[in-house]
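Trainee: I'd like to ask you about the structure that follows.
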Amino acid sequence: MTPAATESPADLVITGCAVLTHDDRERIGFAQDSAIVVRGGVVEEVTGAGAVAGRAAGEWIDARGQVALPGLINCHTHAPMVALRGLAEDLPTEEWFNDVIWPVESNLTARDVELGALLACAEMIRGGVTCFADHYFAMDEVAAVVAGCGMRALLEEAFFSSQGAEGRERSLAFALRHRGAADGRITTALAPHAPYTVDDTDLAATARLAHEHGLPVHLHAAENRDQTEASLARHGVTPIEVLHRTGVLDTDVLIAHGTGIVESDLPLLERADGRTAVATAPRGYLKFAWPHTTPVRALRDIGVPVGLATDGAASNNSLDVWESMALTSLIQKSTEGDPRWLTSRQALHHATLQSARAVGLGGSADGIGGSVGGIGSIAPGRRADLVLVDLTGPHTQPVHDLAATLVHSARAADVRTTIVDGRVLMRDRELLTIDVPEVVRELGERLPALVDRSHGRRIQEYGT
Ligand SMILES: [Zn+2]
């Protein structure tokens, strides 16, 4: 116990719960009947419940019957697209983009983006998500929503080469303007949309800017096998090879999806410093009937972290990272033909430390206990981003294997309390920072103008 812990009241004490822990080899365990002490937005202590009895604290949460997990991280989404949830259903990728999504997105206003982001953040906080990586337009509005609602986010202004140099410059200006905002809860990246919408010149310029300004890069690449084949036919190289030859793979890069990654790409993704990461959002791959999923096992073999994601709700229909965790486990078992692969503990490792690394918030790498900063683990020195999950429901009892209960029996709706940087954003399922009925009311009024496609415009052309 540090002297400070005895001298002044902690900001928050959570007691009586089981706590998901990582040992020094990152193996997942659970400490029963534990307490978490939070001070200054940071986990100060994880100890036995008995050790905090009588301790003074600004806020005290009795969490008996619950499990404390690191908050879930949505490693790739387009949060404001919740406004388009269910608008383009049962379509192949090309028609989904060209006939519905990109025409509708040409109507987007800053207020639509803001309302969409508010609804998205409400959904994520309710589902135990404490941090998200967002790749969209009018991102100043999203940054304001993140600052107000208390979440943590990696934010990026997306661009296409069809916007000219201005798109790239706007992405950089956004990243520099908001980096470290909201008391450090906002981090930023450069965001070319994808190798099929951003040309090599712009990708190479992005890589240079990333080095110059110390910024990561987040983009879609090798989303599906069709894109890989189209790139080979058109350019003679895969999308991952495009990222390699333009220098993007020499930056801290987060690649969305990667279901089109092929064997020959793997040596390019293998990096001694481990700065490449991939985000997987499996529900959309099923829905678009893509024949492959993210090659999680091959990426693991070369040390590339795979974070969990939902993509936008226009394709995924929800921002439910809990579901992404369960689906990742199931789909990996099925595609590998191996029930022993992607165990519940592995799924929880993807949901926690691998997702934190994917969004650049893994903290220092020198062991969990001694790490400084970062998220994805409940340990002294880590930011206090965590959720309390109720396991008293009939669908989660009895508990023979807590990891299996969490991954395969529990649901996002079992999250009772969501905490970011030590601040409670949802208490006993009540959202404390977002007025959902008011957001839904105003968004509803705006929908007819938003979904109008009679103008015949679209923001971009999908033509892989
Ligand atoms: Zn996406």
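In the structure tokens, chains take the letters A, B, ... in the order shown, each chain's residues start at 1, and ligands count up from 1 in the order shown.
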DSSP on the backbone: which residues in region 225-333 of chain A end up as strand (DSSP E or B)? Give the answer as a list in words.
Mentor: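 Residues of region 225-333 of chain A classed as strand (DSSP E or B): Val253, Leu254, Ile255, Ala256, His257, Thr276, Ala277, Val278, Ala279, Thr280, Val306, Gly307 and Leu308 of chain A.
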Trainee: Filtering to all heavy atoms, could you give me those residues as a PDB file, in the first residue's frame?
Mentor:
```pdb
ATOM      1  N   VAL A 253       0.623   1.282 -37.806  1.00  0.00           N
ATOM      2  CA  VAL A 253      -0.556   1.209 -38.673  1.00  0.00           C
ATOM      3  C   VAL A 253      -1.589   0.224 -38.127  1.00  0.00           C
ATOM      4  O   VAL A 253      -1.254  -0.861 -37.652  1.00  0.00           O
ATOM      5  CB  VAL A 253      -0.148   0.861 -40.134  1.00  0.00           C
ATOM      6  CG1 VAL A 253       0.564  -0.475 -40.216  1.00  0.00           C
ATOM      7  CG2 VAL A 253      -1.340   0.885 -41.075  1.00  0.00           C
ATOM      8  N   LEU A 254      -2.828   0.667 -38.162  1.00  0.00           N
ATOM      9  CA  LEU A 254      -3.974  -0.169 -37.782  1.00  0.00           C
ATOM     10  C   LEU A 254      -4.784  -0.443 -39.049  1.00  0.00           C
ATOM     11  O   LEU A 254      -5.288   0.486 -39.680  1.00  0.00           O
ATOM     12  CB  LEU A 254      -4.837   0.552 -36.731  1.00  0.00           C
ATOM     13  CG  LEU A 254      -6.177  -0.087 -36.372  1.00  0.00           C
ATOM     14  CD1 LEU A 254      -6.028  -1.526 -35.883  1.00  0.00           C
ATOM     15  CD2 LEU A 254      -6.890   0.758 -35.302  1.00  0.00           C
ATOM     16  N   ILE A 255      -4.846  -1.721 -39.418  1.00  0.00           N
ATOM     17  CA  ILE A 255      -5.513  -2.133 -40.659  1.00  0.00           C
ATOM     18  C   ILE A 255      -6.882  -2.709 -40.313  1.00  0.00           C
ATOM     19  O   ILE A 255      -6.980  -3.629 -39.495  1.00  0.00           O
ATOM     20  CB  ILE A 255      -4.661  -3.200 -41.382  1.00  0.00           C
ATOM     21  CG1 ILE A 255      -3.337  -2.587 -41.838  1.00  0.00           C
ATOM     22  CG2 ILE A 255      -5.426  -3.824 -42.549  1.00  0.00           C
ATOM     23  CD1 ILE A 255      -2.323  -3.606 -42.327  1.00  0.00           C
ATOM     24  N   ALA A 256      -7.925  -2.162 -40.927  1.00  0.00           N
ATOM     25  CA  ALA A 256      -9.270  -2.679 -40.685  1.00  0.00           C
ATOM     26  C   ALA A 256      -9.541  -3.871 -41.590  1.00  0.00           C
ATOM     27  O   ALA A 256      -9.330  -3.789 -42.811  1.00  0.00           O
ATOM     28  CB  ALA A 256     -10.310  -1.595 -40.930  1.00  0.00           C
ATOM     29  N   HIS A 257      -9.982  -4.958 -40.983  1.00  0.00           N
ATOM     30  CA  HIS A 257     -10.522  -6.174 -41.609  1.00  0.00           C
ATOM     31  C   HIS A 257      -9.445  -7.160 -42.057  1.00  0.00           C
ATOM     32  O   HIS A 257      -9.306  -8.208 -41.457  1.00  0.00           O
ATOM     33  CB  HIS A 257     -11.486  -5.837 -42.736  1.00  0.00           C
ATOM     34  CG  HIS A 257     -12.505  -4.809 -42.337  1.00  0.00           C
ATOM     35  ND1 HIS A 257     -13.196  -4.909 -41.145  1.00  0.00           N
ATOM     36  CD2 HIS A 257     -12.919  -3.650 -42.905  1.00  0.00           C
ATOM     37  CE1 HIS A 257     -14.008  -3.859 -41.020  1.00  0.00           C
ATOM     38  NE2 HIS A 257     -13.851  -3.082 -42.067  1.00  0.00           N
ATOM     39  N   THR A 276       2.368  -3.010 -36.320  1.00  0.00           N
ATOM     40  CA  THR A 276       1.230  -3.261 -37.191  1.00  0.00           C
ATOM     41  C   THR A 276       0.159  -3.982 -36.383  1.00  0.00           C
ATOM     42  O   THR A 276       0.466  -4.872 -35.606  1.00  0.00           O
ATOM     43  CB  THR A 276       1.642  -4.161 -38.373  1.00  0.00           C
ATOM     44  OG1 THR A 276       2.716  -3.535 -39.050  1.00  0.00           O
ATOM     45  CG2 THR A 276       0.485  -4.379 -39.327  1.00  0.00           C
ATOM     46  N   ALA A 277      -1.099  -3.577 -36.561  1.00  0.00           N
ATOM     47  CA  ALA A 277      -2.201  -4.270 -35.898  1.00  0.00           C
ATOM     48  C   ALA A 277      -3.353  -4.375 -36.883  1.00  0.00           C
ATOM     49  O   ALA A 277      -3.423  -3.625 -37.862  1.00  0.00           O
ATOM     50  CB  ALA A 277      -2.640  -3.503 -34.651  1.00  0.00           C
ATOM     51  N   VAL A 278      -4.239  -5.325 -36.617  1.00  0.00           N
ATOM     52  CA  VAL A 278      -5.409  -5.535 -37.474  1.00  0.00           C
ATOM     53  C   VAL A 278      -6.648  -5.526 -36.584  1.00  0.00           C
ATOM     54  O   VAL A 278      -6.614  -6.020 -35.456  1.00  0.00           O
ATOM     55  CB  VAL A 278      -5.294  -6.877 -38.238  1.00  0.00           C
ATOM     56  CG1 VAL A 278      -6.562  -7.167 -39.036  1.00  0.00           C
ATOM     57  CG2 VAL A 278      -4.073  -6.857 -39.170  1.00  0.00           C
ATOM     58  N   ALA A 279      -7.730  -4.930 -37.097  1.00  0.00           N
ATOM     59  CA  ALA A 279      -9.011  -4.938 -36.379  1.00  0.00           C
ATOM     60  C   ALA A 279      -9.963  -5.875 -37.112  1.00  0.00           C
ATOM     61  O   ALA A 279     -10.094  -5.796 -38.337  1.00  0.00           O
ATOM     62  CB  ALA A 279      -9.599  -3.526 -36.338  1.00  0.00           C
ATOM     63  N   THR A 280     -10.615  -6.760 -36.366  1.00  0.00           N
ATOM     64  CA  THR A 280     -11.544  -7.705 -36.988  1.00  0.00           C
ATOM     65  C   THR A 280     -12.979  -7.420 -36.538  1.00  0.00           C
ATOM     66  O   THR A 280     -13.237  -7.190 -35.347  1.00  0.00           O
ATOM     67  CB  THR A 280     -11.144  -9.169 -36.685  1.00  0.00           C
ATOM     68  OG1 THR A 280     -11.927 -10.044 -37.491  1.00  0.00           O
ATOM     69  CG2 THR A 280     -11.325  -9.551 -35.217  1.00  0.00           C
ATOM     70  N   VAL A 306      -4.466  -8.580 -32.927  1.00  0.00           N
ATOM     71  CA  VAL A 306      -5.767  -8.459 -33.596  1.00  0.00           C
ATOM     72  C   VAL A 306      -6.764  -7.938 -32.573  1.00  0.00           C
ATOM     73  O   VAL A 306      -7.062  -8.619 -31.586  1.00  0.00           O
ATOM     74  CB  VAL A 306      -6.236  -9.800 -34.183  1.00  0.00           C
ATOM     75  CG1 VAL A 306      -7.621  -9.656 -34.801  1.00  0.00           C
ATOM     76  CG2 VAL A 306      -5.237 -10.314 -35.221  1.00  0.00           C
ATOM     77  N   GLY A 307      -7.256  -6.730 -32.802  1.00  0.00           N
ATOM     78  CA  GLY A 307      -8.238  -6.122 -31.913  1.00  0.00           C
ATOM     79  C   GLY A 307      -9.649  -6.402 -32.405  1.00  0.00           C
ATOM     80  O   GLY A 307      -9.865  -6.705 -33.582  1.00  0.00           O
ATOM     81  N   LEU A 308     -10.605  -6.285 -31.497  1.00  0.00           N
ATOM     82  CA  LEU A 308     -12.011  -6.532 -31.846  1.00  0.00           C
ATOM     83  C   LEU A 308     -12.679  -5.234 -32.275  1.00  0.00           C
ATOM     84  O   LEU A 308     -12.354  -4.160 -31.783  1.00  0.00           O
ATOM     85  CB  LEU A 308     -12.752  -7.105 -30.645  1.00  0.00           C
ATOM     86  CG  LEU A 308     -12.165  -8.388 -30.053  1.00  0.00           C
ATOM     87  CD1 LEU A 308     -12.994  -8.817 -28.852  1.00  0.00           C
ATOM     88  CD2 LEU A 308     -12.107  -9.495 -31.097  1.00  0.00           C
TER      89      LEU A 308
END
```
Trainee: For ligand 1, return the neighbouring residues as number ranges by chain (distance at most 12 Å; only C-alpha atoms and all ligand atoms).
Mentor: A: 74-81, 93, 97, 133-136, 158, 191-194, 218-224, 254-258, 278-282, 284-285, 309-316
Trainee: So how many Å separate CA of Val43 (chain A) and CA of Pro305 (chain A), to one decimal?
Mentor: 24.1 Å
Trainee: Using DSSP assignments from the backbone, pull out every residue in region 198-359 of chain A that falls under alpha helix (DSSP H) and give it to me as a ChimeraX atom specification.
Mentor: /A:200-213,225-235,239-245,266-269,282-287,296-301,313-316,321-336,344-349,355-358
Trainee: Nearest to Arg39 (chain A) among A:Asp11, A:Asp421, A:Asp183, A:Asp24, with distances taken over only C-alpha atoms: which residue is it?
Mentor: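 Counting only C-alpha atoms, the residue closest to Arg39 (chain A) is A:Asp11.
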Trainee: Rounded to one decimal place, report the CA of Asp140 (chain A)-CA of Glu157 (chain A) distance in Å.
Mentor: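 One can read the CA of Asp140 (chain A) to CA of Glu157 (chain A) distance as 8.5 Å.
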Trainee: Between CA of Ala110 (chain A) and CA of Thr130 (chain A), what is the distance, to one decimal in Å?
Mentor: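 Distance reported for this atom pair: 23.7 Å.
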Trainee: For Ile73 (chain A), please output as number ranges by chain all residues within 12 Å (counting only C-alpha atoms; exclusion window: fewer than 3 positions along the same chain).
Mentor: A: 69-70, 76-77, 124-125, 127-134, 151-154, 279-280, 306-310, 319-322, 324-325, 348-362, 375-377, 385-387, 420
Trainee: Fewer than 2 positions away in the same chain doesn't count, so skip those; otherwise give me all residues within 10 Å of Arg453 (chain A), counting only C-alpha atoms, as a tab-separated table (two decimals) with N, CA, C and O atoms, in the first residue's frame.
Mentor:
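So around_7.tsv came out as:
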```
chain	number	residue	atom	x	y	z
A	99	ASP	N	-25.05	2.16	-54.23
A	99	ASP	CA	-26.48	2.47	-54.40
A	99	ASP	C	-27.10	3.12	-53.17
A	99	ASP	O	-28.12	3.81	-53.29
A	100	VAL	N	-26.51	2.89	-52.00
A	100	VAL	CA	-27.16	3.42	-50.79
A	100	VAL	C	-26.20	4.28	-49.95
A	100	VAL	O	-26.43	5.48	-49.77
A	101	ILE	N	-25.13	3.68	-49.45
A	101	ILE	CA	-24.34	4.37	-48.42
A	101	ILE	C	-23.68	5.64	-48.95
A	101	ILE	O	-23.80	6.72	-48.36
A	102	TRP	N	-22.96	5.54	-50.08
A	102	TRP	CA	-22.24	6.72	-50.54
A	102	TRP	C	-23.16	7.81	-51.09
A	102	TRP	O	-22.87	9.00	-50.89
A	103	PRO	N	-24.30	7.47	-51.71
A	103	PRO	CA	-25.26	8.56	-52.02
A	103	PRO	C	-25.79	9.25	-50.76
A	103	PRO	O	-25.87	10.48	-50.69
A	104	VAL	N	-26.15	8.45	-49.75
A	104	VAL	CA	-26.71	9.04	-48.52
A	104	VAL	C	-25.66	9.87	-47.80
A	104	VAL	O	-25.95	10.96	-47.28
A	105	GLU	N	-24.41	9.40	-47.79
A	105	GLU	CA	-23.37	10.15	-47.08
A	105	GLU	C	-23.08	11.51	-47.73
A	105	GLU	O	-22.51	12.39	-47.09
A	106	SER	N	-23.49	11.68	-48.99
A	106	SER	CA	-23.30	13.00	-49.60
A	106	SER	C	-24.26	14.03	-48.99
A	106	SER	O	-24.10	15.22	-49.18
A	107	ASN	N	-25.26	13.58	-48.21
A	107	ASN	CA	-26.19	14.50	-47.53
A	107	ASN	C	-25.75	14.88	-46.12
A	107	ASN	O	-26.37	15.75	-45.50
A	449	ALA	N	-34.29	13.98	-44.74
A	449	ALA	CA	-33.29	14.70	-45.55
A	449	ALA	C	-32.01	13.89	-45.69
A	449	ALA	O	-31.36	13.90	-46.74
A	450	LEU	N	-31.67	13.17	-44.63
A	450	LEU	CA	-30.42	12.41	-44.64
A	450	LEU	C	-30.48	11.25	-45.64
A	450	LEU	O	-29.51	10.99	-46.35
A	451	VAL	N	-31.59	10.55	-45.71
A	451	VAL	CA	-31.63	9.32	-46.53
A	451	VAL	C	-32.10	9.58	-47.96
A	451	VAL	O	-32.19	8.64	-48.76
A	455	HIS	N	-31.07	13.01	-55.51
A	455	HIS	CA	-30.11	13.92	-56.16
A	455	HIS	C	-29.14	13.19	-57.08
A	455	HIS	O	-28.49	13.80	-57.91
A	456	GLY	N	-28.95	11.86	-56.87
A	456	GLY	CA	-28.06	11.09	-57.74
A	456	GLY	C	-26.57	11.27	-57.47
A	456	GLY	O	-25.75	10.77	-58.23
A	457	ARG	N	-26.22	12.01	-56.39
A	457	ARG	CA	-24.79	12.18	-56.08
A	457	ARG	C	-24.31	11.02	-55.23
A	457	ARG	O	-25.09	10.36	-54.55
A	458	ARG	N	-22.99	10.79	-55.22
A	458	ARG	CA	-22.38	9.92	-54.22
A	458	ARG	C	-21.00	10.46	-53.89
A	458	ARG	O	-20.39	11.13	-54.70
```
Trainee: Near Glu241 (chain A), within 12 Å and counting only C-alpha atoms, which residues show up once chain neighbours fewer than 6 positions away are dropped, as a list in words?
Mentor: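 Near neighbours after the sequence-gap exclusion: Pro195, Asp200, Ala221, Ala222, Thr228, Ser231, Leu232, His235, Gly247, Val248, Leu249, Ile261, Val262, Glu263, Ser264, Asp265, Leu266, Pro267, Leu268 and Leu269 of chain A.
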Trainee: Residues near Thr343 (chain A), anyone? I mean within 9 Å using only C-alpha atoms, not counting same-chain ones fewer than 4 positions away, as number ranges by chain.
Mentor: A: 329, 333, 339, 347-348, 403-404
Trainee: Would you mind exporting N, CA, C and O atoms of the selected residues as a PDB file, in the first residue's frame?
Mentor:
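Written output follows (again26.pdb):
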```pdb
ATOM      1  N   SER A 329     -14.477 -15.830 -31.632  1.00  0.00           N
ATOM      2  CA  SER A 329     -14.153 -17.159 -31.110  1.00  0.00           C
ATOM      3  C   SER A 329     -14.818 -18.243 -31.958  1.00  0.00           C
ATOM      4  O   SER A 329     -14.161 -19.202 -32.390  1.00  0.00           O
ATOM      5  N   LYS A 333     -12.899 -20.912 -34.636  1.00  0.00           N
ATOM      6  CA  LYS A 333     -12.990 -22.366 -34.452  1.00  0.00           C
ATOM      7  C   LYS A 333     -13.461 -23.027 -35.735  1.00  0.00           C
ATOM      8  O   LYS A 333     -12.910 -24.035 -36.192  1.00  0.00           O
ATOM      9  N   PRO A 339     -11.625 -27.036 -32.514  1.00  0.00           N
ATOM     10  CA  PRO A 339     -12.345 -26.542 -31.326  1.00  0.00           C
ATOM     11  C   PRO A 339     -11.426 -26.064 -30.216  1.00  0.00           C
ATOM     12  O   PRO A 339     -11.865 -25.358 -29.310  1.00  0.00           O
ATOM     13  N   ALA A 347      -9.937 -15.300 -26.472  1.00  0.00           N
ATOM     14  CA  ALA A 347     -10.880 -14.251 -26.891  1.00  0.00           C
ATOM     15  C   ALA A 347     -10.780 -13.047 -25.958  1.00  0.00           C
ATOM     16  O   ALA A 347     -10.785 -11.890 -26.406  1.00  0.00           O
ATOM     17  N   LEU A 348     -10.649 -13.313 -24.662  1.00  0.00           N
ATOM     18  CA  LEU A 348     -10.526 -12.212 -23.704  1.00  0.00           C
ATOM     19  C   LEU A 348      -9.185 -11.487 -23.865  1.00  0.00           C
ATOM     20  O   LEU A 348      -9.104 -10.279 -23.612  1.00  0.00           O
ATOM     21  N   ALA A 403     -14.207 -17.583 -17.639  1.00  0.00           N
ATOM     22  CA  ALA A 403     -13.877 -17.062 -18.970  1.00  0.00           C
ATOM     23  C   ALA A 403     -14.940 -17.480 -19.984  1.00  0.00           C
ATOM     24  O   ALA A 403     -15.396 -16.661 -20.802  1.00  0.00           O
ATOM     25  N   ALA A 404     -15.362 -18.732 -19.931  1.00  0.00           N
ATOM     26  CA  ALA A 404     -16.392 -19.221 -20.857  1.00  0.00           C
ATOM     27  C   ALA A 404     -17.721 -18.519 -20.596  1.00  0.00           C
ATOM     28  O   ALA A 404     -18.443 -18.158 -21.540  1.00  0.00           O
TER      29      ALA A 404
END
```
